[in-house]
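Each remark here refers to the structure printed beneath this line.
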Amino acid sequence: MNLLANLDHLYDECRRNQWLRYFAVFCRIALAVGFIPSGIVKVMGERFTGLPANHPLGHYFDALYLTGFYYRFIGVSQLTVALLLLIPRTTLLGAILYFPIIFNICVLAYATRFEGTRITTLMVLANLYLLCWDYARLKYVLPFASSRDRDNSKSEDVPKVSLGIFWRRCRSRRRSDHHQRFYV
């Protein structure tokens with residue numbers, strides 16, 4: 001067996017484990033809760049932290065606060081990503097969008113030697129767990145999926161009814177409704 005087959009087998013075993021599923025739900029909720037308060041503070045236009053300006057991270061947050069629109073944009077982005085993580089259907093999109101934000105925060109915390117680097121590292125690891133949890137959907141986007149897997153996904157995802165037939169059916173229903181309204 002090759003590496004991808006072993007990875008698929010391991011993934012299938014992990015997806016069947018109920019405790020790992022609970023942990024994925026816990027990670028989704030914890031990551032969302034981590035972004036909601038900071039996002040609300042930024043959207044409201046208030047200062048995010050009380051760190052002094054002589055601290056490297058405090059200086060960075062002061063400069064970020066003074067940008068105005070960009071500061072609020074970051075807050076809206078954090079709230080949007082948190083909401084996407086809480087909705088089960090959009091979890092993968094939320095995890096994909098969460099990763100660059102939390103990775104940037106983690107690198108910034110390490111670069112400024114901030115004491116809270118452990119929590120940001122745990123948030124990055126939880127986000128990576130969520131990305132691995134959705135490996136089955138994510139592997140078709142990544143470059144290491146085999147062509148056989150891509151061909152199978154295309155044949156399964158192709159809609160059974162073409163757009164033209166769908167459009168005709170919708171129009172015929174509208175006409176029959178119109179006919180019934182005026183002639184009954």
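In the structure tokens, chains take letters A, B, ... by order of appearance, with residues numbered from 1 within each chain and ligands from 1 in the order shown.
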Give one line per residue of stretch 21-84 of chain A that approaches stretch 123-135 of chain A to at most 10 Å, naming the two atoms of the closest pair and their distance in Å to one decimal, counting only C-alpha atoms; sort by chain then ascending residue number and deliver it as JSON lines.
```
{"residue": "A:Arg21", "atom": "CA", "partner": "A:Trp133", "partner_atom": "CA", "distance": 8.5}
{"residue": "A:Phe23", "atom": "CA", "partner": "A:Tyr129", "partner_atom": "CA", "distance": 9.3}
{"residue": "A:Ala24", "atom": "CA", "partner": "A:Leu130", "partner_atom": "CA", "distance": 6.3}
{"residue": "A:Val25", "atom": "CA", "partner": "A:Leu130", "partner_atom": "CA", "distance": 8.9}
{"residue": "A:Phe26", "atom": "CA", "partner": "A:Ala126", "partner_atom": "CA", "distance": 9.4}
{"residue": "A:Cys27", "atom": "CA", "partner": "A:Ala126", "partner_atom": "CA", "distance": 5.9}
{"residue": "A:Arg28", "atom": "CA", "partner": "A:Leu130", "partner_atom": "CA", "distance": 7.5}
{"residue": "A:Ala30", "atom": "CA", "partner": "A:Met123", "partner_atom": "CA", "distance": 8.6}
{"residue": "A:Leu31", "atom": "CA", "partner": "A:Met123", "partner_atom": "CA", "distance": 6.7}
{"residue": "A:Gly34", "atom": "CA", "partner": "A:Met123", "partner_atom": "CA", "distance": 8.6}
```
Could you save those same residues with C-alpha atoms as an mmCIF file, in the first residue's frame?
```
data_model
loop_
_atom_site.group_PDB
_atom_site.id
_atom_site.type_symbol
_atom_site.label_atom_id
_atom_site.label_comp_id
_atom_site.auth_asym_id
_atom_site.auth_seq_id
_atom_site.Cartn_x
_atom_site.Cartn_y
_atom_site.Cartn_z
ATOM 1 C CA ARG A 21 -15.846 13.458 16.569
ATOM 2 C CA PHE A 23 -13.215 16.556 20.036
ATOM 3 C CA ALA A 24 -13.755 18.066 16.575
ATOM 4 C CA VAL A 25 -16.987 19.673 17.778
ATOM 5 C CA PHE A 26 -15.187 20.928 20.887
ATOM 6 C CA CYS A 27 -12.416 22.442 18.727
ATOM 7 C CA ARG A 28 -14.955 24.179 16.503
ATOM 8 C CA ALA A 30 -13.534 26.655 21.317
ATOM 9 C CA LEU A 31 -11.994 28.317 18.265
ATOM 10 C CA GLY A 34 -11.798 32.525 20.948
#
```
Mind checking which residues fall within 9 Å of A:Phe103, counting only C-alpha atoms, ignoring those fewer than 3 positions away in the same chain, and posting them as an mmCIF file with N, CA and C atoms, in the first residue's frame?
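Dumped everything to selection_2.cif:
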```
data_model
loop_
_atom_site.group_PDB
_atom_site.id
_atom_site.type_symbol
_atom_site.label_atom_id
_atom_site.label_comp_id
_atom_site.auth_asym_id
_atom_site.auth_seq_id
_atom_site.Cartn_x
_atom_site.Cartn_y
_atom_site.Cartn_z
ATOM 1 N N TYR A 98 -9.882 30.370 8.916
ATOM 2 C CA TYR A 98 -9.350 30.581 10.265
ATOM 3 C C TYR A 98 -7.829 30.423 10.293
ATOM 4 N N PHE A 99 -7.328 29.493 9.485
ATOM 5 C CA PHE A 99 -5.904 29.161 9.571
ATOM 6 C C PHE A 99 -4.965 30.340 9.319
ATOM 7 N N PRO A 100 -5.101 31.113 8.241
ATOM 8 C CA PRO A 100 -4.143 32.214 8.065
ATOM 9 C C PRO A 100 -4.256 33.282 9.154
ATOM 10 N N CYS A 106 -0.273 33.780 15.839
ATOM 11 C CA CYS A 106 0.722 32.949 16.522
ATOM 12 C C CYS A 106 2.145 33.418 16.217
ATOM 13 N N VAL A 107 2.426 33.680 14.948
ATOM 14 C CA VAL A 107 3.763 34.159 14.576
ATOM 15 C C VAL A 107 4.045 35.512 15.222
ATOM 16 N N LEU A 108 3.047 36.378 15.250
ATOM 17 C CA LEU A 108 3.205 37.684 15.882
ATOM 18 C C LEU A 108 3.470 37.536 17.382
ATOM 19 N N THR A 120 -2.088 30.556 21.637
ATOM 20 C CA THR A 120 -2.193 30.705 20.182
ATOM 21 C C THR A 120 -1.648 29.470 19.472
ATOM 22 N N THR A 121 -0.631 28.849 20.056
ATOM 23 C CA THR A 121 -0.114 27.606 19.478
ATOM 24 C C THR A 121 -1.166 26.504 19.562
ATOM 25 N N MET A 123 -4.345 26.984 19.572
ATOM 26 C CA MET A 123 -5.393 27.334 18.609
ATOM 27 C C MET A 123 -4.981 26.921 17.192
ATOM 28 N N VAL A 124 -3.711 27.100 16.851
ATOM 29 C CA VAL A 124 -3.223 26.659 15.540
ATOM 30 C C VAL A 124 -3.338 25.140 15.431
#
```
* Asked: Restricting the calculation to only C-alpha atoms, which member of A:Leu20, A:Ile40, A:Ile105, A:Leu66 is positioned closest to A:Ala82?
  -> A:Ile40
* Asked: Quick one: residues within 10 Å of A:Ser77, only C-alpha atoms counted, chain neighbours fewer than 5 positions away excluded, as a list of chain:residue names?
  -> A:Phe35, A:Gly39, A:Val43, A:Arg72, A:Ala82, A:Leu83, A:Leu97, A:Tyr98, A:Ile101
* Non-local contacts of A:Phe73 (9 Å; only C-alpha atoms; under 5 positions in same chain excluded) as a PyMOL selection string -> chain A and resi 42-43+68+78
* **Among the residues A:Asp8, A:Thr112, A:Val33, A:Ala136, the one that comes closest to A:Leu57 [using only C-alpha atoms]** =>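 Of A:Asp8, A:Thr112, A:Val33, A:Ala136, the one nearest A:Leu57 is A:Thr112, counting only C-alpha atoms.
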* **Among listed residues A:Leu85, A:Cys14, A:Ala109, A:Leu7, nearest A:Lys139 (using only C-alpha atoms)** => A:Leu7
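Of note, atom CA of A:Leu142 and atom CA of A:Ala5 are spaced 15.3 Å apart.
Nearest-residue note for A:Ala95: choosing from A:His59, A:Ala32, A:His9, A:Ala53, the minimum distance belongs to A:Ala32, counting only C-alpha atoms.
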* To do: Please give the complete set of residues from stretch 49-150 of chain A that DSSP, run on the backbone, assigns to alpha helix (DSSP H), formatted as number ranges by chain.
  => A: 56-65, 69-86, 91-111, 117-133, 135-138, 147-150
